[in-house]
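For reference, data30.pdb (PDB, C-alpha atoms):
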```
ATOM      1  CA  MET A 203      32.887  29.758  -7.158
ATOM      2  CA  LYS A 204      36.012  29.345  -5.049
ATOM      3  CA  TYR A 205      38.467  26.468  -5.406
ATOM      4  CA  THR A 206      40.567  25.819  -2.314
ATOM      5  CA  LEU A 207      43.611  23.658  -2.780
ATOM      6  CA  PRO A 208      46.476  22.842  -0.413
ATOM      7  CA  ARG A 209      48.721  25.375  -2.175
ATOM      8  CA  CYS A 210      46.384  28.263  -2.964
ATOM      9  CA  GLU A 211      42.890  29.631  -3.447
ATOM     10  CA  LEU A 212      41.496  30.358  -6.904
ATOM     11  CA  TYR A 213      38.189  31.862  -7.894
ATOM     12  CA  LYS A 214      36.145  30.828 -10.910
ATOM     13  CA  GLY A 215      37.507  32.686 -13.904
ATOM     14  CA  ASP A 216      40.954  33.175 -12.379
ATOM     15  CA  ASN A 217      43.749  32.036 -14.685
ATOM     16  CA  VAL A 218      42.175  28.739 -15.693
ATOM     17  CA  VAL A 219      41.671  26.852 -18.921
ATOM     18  CA  ASN A 220      38.892  24.409 -19.797
ATOM     19  CA  ILE A 221      39.965  21.504 -22.016
ATOM     20  CA  THR A 222      37.457  19.064 -23.522
ATOM     21  CA  PHE A 223      38.796  15.656 -24.518
ATOM     22  CA  LYS A 224      37.254  12.930 -26.662
ATOM     23  CA  MET A 225      37.060  10.384 -23.869
ATOM     24  CA  THR A 226      34.771   8.996 -21.196
ATOM     25  CA  ALA A 227      34.868   9.636 -17.465
ATOM     26  CA  ASN A 228      36.128   6.070 -16.936
ATOM     27  CA  GLN A 229      39.214   6.820 -19.049
ATOM     28  CA  TRP A 230      40.114   9.943 -17.057
ATOM     29  CA  LYS A 231      43.180   9.932 -14.771
ATOM     30  CA  ASP A 232      44.276  13.119 -12.992
ATOM     31  CA  ASP A 233      47.889  11.920 -12.775
ATOM     32  CA  THR A 234      48.127  11.261 -16.519
ATOM     33  CA  PHE A 235      46.707  14.703 -17.278
ATOM     34  CA  ARG A 236      49.043  16.473 -14.862
ATOM     35  CA  GLU A 237      52.079  14.603 -16.197
ATOM     36  CA  SER A 238      51.038  15.310 -19.819
ATOM     37  CA  ILE A 239      50.639  19.055 -19.251
ATOM     38  CA  SER A 240      53.883  19.363 -17.276
ATOM     39  CA  ARG A 241      55.868  17.421 -19.875
ATOM     40  CA  ALA A 242      54.378  19.296 -22.869
ATOM     41  CA  PHE A 243      54.884  22.713 -21.232
ATOM     42  CA  THR A 244      58.484  21.897 -20.226
ATOM     43  CA  GLU A 245      59.319  20.824 -23.777
ATOM     44  CA  TYR A 246      57.590  23.849 -25.253
ATOM     45  CA  CYS A 247      59.387  26.316 -22.975
ATOM     46  CA  SER A 248      62.753  24.699 -23.659
ATOM     47  CA  SER A 249      62.263  25.515 -27.359
ATOM     48  CA  GLN A 250      60.852  29.025 -26.706
ATOM     49  CA  ARG A 251      63.612  30.709 -24.709
ATOM     50  CA  PRO A 252      63.029  32.896 -22.909
ATOM     51  CA  CYS A 253      59.598  31.564 -21.978
ATOM     52  CA  ASN A 254      57.663  34.370 -20.295
ATOM     53  CA  LEU A 255      54.941  32.929 -18.074
ATOM     54  CA  ARG A 256      54.060  35.883 -15.890
ATOM     55  CA  ASN A 257      53.088  38.629 -18.331
ATOM     56  CA  SER A 258      50.491  39.128 -20.984
ATOM     57  CA  LEU A 259      52.012  38.688 -24.409
ATOM     58  CA  GLU A 260      50.174  41.648 -25.887
ATOM     59  CA  ASP A 261      53.266  43.704 -26.599
ATOM     60  CA  ALA A 262      56.873  42.914 -27.292
ATOM     61  CA  THR A 263      58.198  44.826 -24.270
ATOM     62  CA  SER A 264      56.323  42.661 -21.787
ATOM     63  CA  ARG A 265      57.747  39.575 -23.481
ATOM     64  CA  ARG A 266      61.214  40.576 -22.413
ATOM     65  CA  SER A 267      60.408  41.488 -18.807
ATOM     66  CA  ASN A 268      60.973  38.904 -16.080
ATOM     67  CA  PRO A 269      61.514  35.845 -18.293
ATOM     68  CA  ILE A 270      62.551  32.589 -16.687
ATOM     69  CA  ASP A 271      65.451  30.961 -18.551
ATOM     70  CA  THR A 272      65.212  27.308 -17.557
ATOM     71  CA  ILE A 273      61.696  26.088 -16.974
ATOM     72  CA  VAL A 274      60.792  22.658 -15.702
ATOM     73  CA  PHE A 275      57.160  22.000 -14.921
ATOM     74  CA  ARG A 276      56.298  19.304 -12.405
ATOM     75  CA  PRO A 277      52.983  17.475 -12.221
ATOM     76  CA  ASP A 278      52.429  19.259  -8.884
ATOM     77  CA  ASP A 279      52.382  22.585 -10.779
ATOM     78  CA  VAL A 280      49.231  21.462 -12.642
ATOM     79  CA  MET A 281      46.017  21.821 -10.655
ATOM     80  CA  VAL A 282      42.868  19.981 -11.682
ATOM     81  CA  LEU A 283      40.081  22.180 -10.340
ATOM     82  CA  ARG A 284      37.047  20.485 -11.834
ATOM     83  CA  ARG A 285      36.315  17.536 -14.090
ATOM     84  CA  TYR A 286      33.008  16.527 -15.616
ATOM     85  CA  PRO A 287      31.453  14.590 -18.509
ATOM     86  CA  GLU A 288      29.919  16.749 -21.242
ATOM     87  CA  GLU A 289      26.307  16.421 -22.394
ATOM     88  CA  GLN A 290      27.519  14.857 -25.630
ATOM     89  CA  PRO A 291      28.558  11.231 -25.089
ATOM     90  CA  GLY A 292      32.273  10.514 -25.312
ATOM     91  CA  MET A 293      33.380  13.986 -24.257
ATOM     92  CA  PHE A 294      35.001  14.852 -20.942
ATOM     93  CA  SER A 295      36.088  18.301 -19.709
ATOM     94  CA  VAL A 296      38.614  19.470 -17.154
ATOM     95  CA  VAL A 297      39.174  22.918 -15.691
ATOM     96  CA  SER A 298      42.794  23.445 -14.787
ATOM     97  CA  ALA A 299      45.257  26.079 -13.610
ATOM     98  CA  VAL A 300      49.038  25.849 -13.833
ATOM     99  CA  LEU A 301      51.487  27.380 -11.399
ATOM    100  CA  VAL A 302      54.579  29.197 -12.624
ATOM    101  CA  PRO A 303      57.392  26.771 -11.751
ATOM    102  CA  SER A 304      59.723  27.870  -9.013
ATOM    103  CA  ASN A 305      63.168  26.844  -7.873
ATOM    104  CA  GLU A 306      61.874  26.749  -4.311
ATOM    105  CA  PRO A 307      59.205  24.038  -4.106
ATOM    106  CA  ARG A 308      57.930  25.276  -0.735
ATOM    107  CA  MET A 309      57.430  28.943  -1.672
ATOM    108  CA  ALA A 310      54.698  30.589   0.384
ATOM    109  CA  GLN A 311      52.921  32.214  -2.546
ATOM    110  CA  ARG A 312      52.992  30.858  -6.062
ATOM    111  CA  GLU A 313      51.560  32.607  -9.094
ATOM    112  CA  THR A 314      49.363  30.942 -11.666
ATOM    113  CA  ILE A 315      50.089  31.404 -15.353
ATOM    114  CA  PRO A 316      47.781  34.179 -16.654
ATOM    115  CA  THR A 317      44.722  32.972 -18.565
ATOM    116  CA  VAL A 318      45.721  34.258 -22.006
ATOM    117  CA  VAL A 319      49.236  32.778 -21.724
ATOM    118  CA  LEU A 320      47.895  29.478 -20.362
ATOM    119  CA  CYS A 321      45.335  29.189 -23.152
ATOM    120  CA  ARG A 322      47.948  29.902 -25.823
ATOM    121  CA  MET A 323      50.329  27.353 -24.320
ATOM    122  CA  VAL A 324      47.606  24.685 -24.342
ATOM    123  CA  VAL A 325      46.828  25.509 -27.987
ATOM    124  CA  LYS A 326      50.513  25.401 -28.981
ATOM    125  CA  THR A 327      51.108  22.104 -27.138
ATOM    126  CA  SER A 328      47.757  20.420 -27.823
ATOM    127  CA  LYS A 329      49.270  17.731 -30.076
ATOM    128  CA  ARG A 330      51.874  16.857 -27.437
ATOM    129  CA  ILE A 331      49.254  16.832 -24.674
ATOM    130  CA  SER A 332      47.070  14.539 -26.774
ATOM    131  CA  LYS A 333      50.008  12.209 -27.446
ATOM    132  CA  TYR A 334      51.041  12.055 -23.772
ATOM    133  CA  MET A 335      47.431  11.423 -22.734
ATOM    134  CA  GLY A 336      47.500   8.247 -24.836
ATOM    135  CA  ASN A 337      46.487   9.789 -28.176
ATOM    136  CA  ILE A 338      43.239  11.176 -26.791
ATOM    137  CA  ASP A 339      42.025  14.073 -28.937
ATOM    138  CA  ILE A 340      41.446  17.553 -27.575
ATOM    139  CA  ILE A 341      38.085  18.703 -28.956
ATOM    140  CA  PHE A 342      37.716  22.182 -27.403
ATOM    141  CA  ILE A 343      39.841  24.664 -25.495
ATOM    142  CA  ASN A 344      37.727  27.072 -23.463
ATOM    143  CA  GLY A 345      34.683  25.780 -25.345
ATOM    144  CA  GLU A 346      36.072  26.668 -28.779
ATOM    145  CA  LYS A 347      37.578  24.658 -31.632
ATOM    146  CA  ASP A 348      39.714  27.677 -32.588
ATOM    147  CA  PRO A 349      40.189  29.509 -29.281
ATOM    148  CA  SER A 350      40.019  33.282 -29.388
ATOM    149  CA  CYS A 351      43.135  33.519 -27.192
ATOM    150  CA  VAL A 352      45.209  32.707 -30.284
ATOM    151  CA  SER A 353      43.354  34.700 -32.919
ATOM    152  CA  GLU A 354      42.564  37.652 -30.648
ATOM    153  CA  ARG A 355      43.419  40.948 -32.249
ATOM    154  CA  LYS A 356      44.401  44.085 -30.458
ATOM    155  CA  LYS A 357      43.116  47.404 -31.695
ATOM    156  CA  LYS A 358      45.465  50.280 -31.301
ATOM    157  CA  ASP A 359      44.870  53.916 -32.154
ATOM    158  CA  ASN A 360      47.465  55.391 -34.481
ATOM    159  CA  VAL A 361      47.816  58.930 -35.702
ATOM    160  CA  ASN A 362      47.925  59.556 -39.435
ATOM    161  CA  THR A 363      50.703  62.097 -39.876
ATOM    162  CA  ASN A 364      49.324  63.216 -43.262
ATOM    163  CA  GLY A 365      45.837  64.186 -42.166
ATOM    164  CA  GLY A 366      46.122  64.132 -38.383
ATOM    165  CA  LYS A 367      43.158  61.731 -38.120
ATOM    166  CA  ASN A 368      43.017  58.744 -35.776
ATOM    167  CA  TRP A 369      42.151  55.305 -37.039
ATOM    168  CA  SER A 370      42.302  51.816 -35.605
ATOM    169  CA  THR A 371      44.609  49.152 -36.885
ATOM    170  CA  GLU A 372      44.670  45.509 -35.962
ATOM    171  CA  ARG A 373      47.631  43.272 -35.421
ATOM    172  CA  GLU A 374      47.788  39.584 -34.690
ATOM    173  CA  LEU A 375      49.007  38.643 -31.235
ATOM    174  CA  ILE A 376      51.774  36.112 -31.599
ATOM    175  CA  PHE A 377      52.866  33.582 -29.016
TER     176      PHE A 377
END
```
How does this structure look as structure tokens?
Amino acid sequence: MKYTLPRCELYKGDNVVNITFKMTANQWKDDTFRESISRAFTEYCSSQRPCNLRNSLEDATSRRSNPIDTIVFRPDDVMVLRRYPEEQPGMFSVVSAVLVPSNEPRMAQRETIPTVVLCRMVVKTSKRISKYMGNIDIIFINGEKDPSCVSERKKKDNVNTNGGKNWSTERELIF
């Protein structure tokens, strides 16, 4: 499925996050959601300097490449791609993408925050988002109570210098 917006084109599965709120369709307001995400992300990035929005956070070297020092998200950076009531009463979902903020508001091409980074940011700021939405609870992120984007583990082959055998180790990805 293709989403065409005034600023860009996105395809289903491209750098999006699905958030399910405990609310009805009548309570939903795009502007409140966009303002809540932009405010929560701005506050989060101001406390996480440098805040790397363009790279996967899977290794420490990519964390240090191309960070943006001062990040201010605007509601226009938050794109609501789809919204729909869930089958369970009192639950409402939204599919959203967020653009990496730029100093030039009229840039020709803007990047979206990569899926894994976006998901982790929503998880880390979920309490703030809920508060700014009017204390509306977030029930699921990408259909999960405990999203795998936070607890995902990376397997890496290491060489045992004693026996020369390979084995896999796991390490927690930290955001």
Result set of the PyMOL selection byres ((chain A and resi 323) around 10) on the coordinates above, as a PDB file with C-alpha atoms, in the frame of the given file:
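Listed below is the output, part_9.pdb:
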```pdb
ATOM      1  CA  ILE A 239      50.639  19.055 -19.251  1.00  0.00           C
ATOM      2  CA  ALA A 242      54.378  19.296 -22.869  1.00  0.00           C
ATOM      3  CA  PHE A 243      54.884  22.713 -21.232  1.00  0.00           C
ATOM      4  CA  TYR A 246      57.590  23.849 -25.253  1.00  0.00           C
ATOM      5  CA  CYS A 247      59.387  26.316 -22.975  1.00  0.00           C
ATOM      6  CA  LEU A 255      54.941  32.929 -18.074  1.00  0.00           C
ATOM      7  CA  ILE A 315      50.089  31.404 -15.353  1.00  0.00           C
ATOM      8  CA  THR A 317      44.722  32.972 -18.565  1.00  0.00           C
ATOM      9  CA  VAL A 318      45.721  34.258 -22.006  1.00  0.00           C
ATOM     10  CA  VAL A 319      49.236  32.778 -21.724  1.00  0.00           C
ATOM     11  CA  LEU A 320      47.895  29.478 -20.362  1.00  0.00           C
ATOM     12  CA  CYS A 321      45.335  29.189 -23.152  1.00  0.00           C
ATOM     13  CA  ARG A 322      47.948  29.902 -25.823  1.00  0.00           C
ATOM     14  CA  VAL A 324      47.606  24.685 -24.342  1.00  0.00           C
ATOM     15  CA  VAL A 325      46.828  25.509 -27.987  1.00  0.00           C
ATOM     16  CA  LYS A 326      50.513  25.401 -28.981  1.00  0.00           C
ATOM     17  CA  THR A 327      51.108  22.104 -27.138  1.00  0.00           C
ATOM     18  CA  SER A 328      47.757  20.420 -27.823  1.00  0.00           C
ATOM     19  CA  CYS A 351      43.135  33.519 -27.192  1.00  0.00           C
ATOM     20  CA  VAL A 352      45.209  32.707 -30.284  1.00  0.00           C
ATOM     21  CA  PHE A 377      52.866  33.582 -29.016  1.00  0.00           C
TER      22      PHE A 377
END
```
Rounded to one decimal place, report the CA of Gln311 in chain A-CA of Phe235 in chain A distance in Å.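 CA of Phe235 in chain A lies 23.7 Å from CA of Gln311 in chain A.
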Can you list, as a VMD selection string, every protein, DNA or RNA residue that comes within 7 Å of Ser238 in chain A when you count all atoms listed in the file, leaving out same-chain residues fewer than 2 positions away? chain A and resid 234 to 236 240 to 242 331 334 to 335
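Distance-wise, CA of Thr314 in chain A and CA of Thr226 in chain A end up 28.0 Å apart.
We find CA of Leu301 in chain A and CA of Asp278 in chain A to be spaced 8.6 Å apart.
Residue nearest Asp233 in chain A, chosen from A:Arg276, A:Ile338, A:Ser249, A:Ile221 and counting all atoms listed in the file: A:Arg276.
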So, counting only C-alpha atoms, which residue among A:Ser332, A:Thr244, A:Thr272, A:Asn344 is closest to Ser298 in chain A? A:Asn344
Out of A:Gly345, A:Pro303, A:Pro316, A:Gly336, which residue has the shortest atom-to-atom distance to Glu288 in chain A when counting all atoms listed in the file? A:Gly345
Counting all atoms listed in the file, which residue out of A:Asp339, A:Glu245, A:Glu313, A:Arg285 sits closest to Asn220 in chain A? A:Arg285
Near Gly292 in chain A, within 12 Å and counting all atoms listed in the file, which residues show up once chain neighbours fewer than 4 positions away are dropped, as number ranges by chain? A: 222-230, 286-288, 338-341
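Among A:Ile343, A:Gln250, A:Val274, A:Arg312, the residue with the shortest atom-to-atom distance to Val297 in chain A, counting all atoms listed in the file, is A:Ile343.
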The PyMOL selection byres ((chain A and resi 299) around 6) - which residues does that actually catch in the file I just gave you? List them as a list of chain:residue names. A:Val218, A:Met281, A:Ser298, A:Val300
When distances are computed from all atoms listed in the file, which of A:Val302, A:Leu283, A:Phe275, A:Val296 shows the smallest separation from Asn254 in chain A?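 Counting all atoms listed in the file, the residue closest to Asn254 in chain A is A:Val302.
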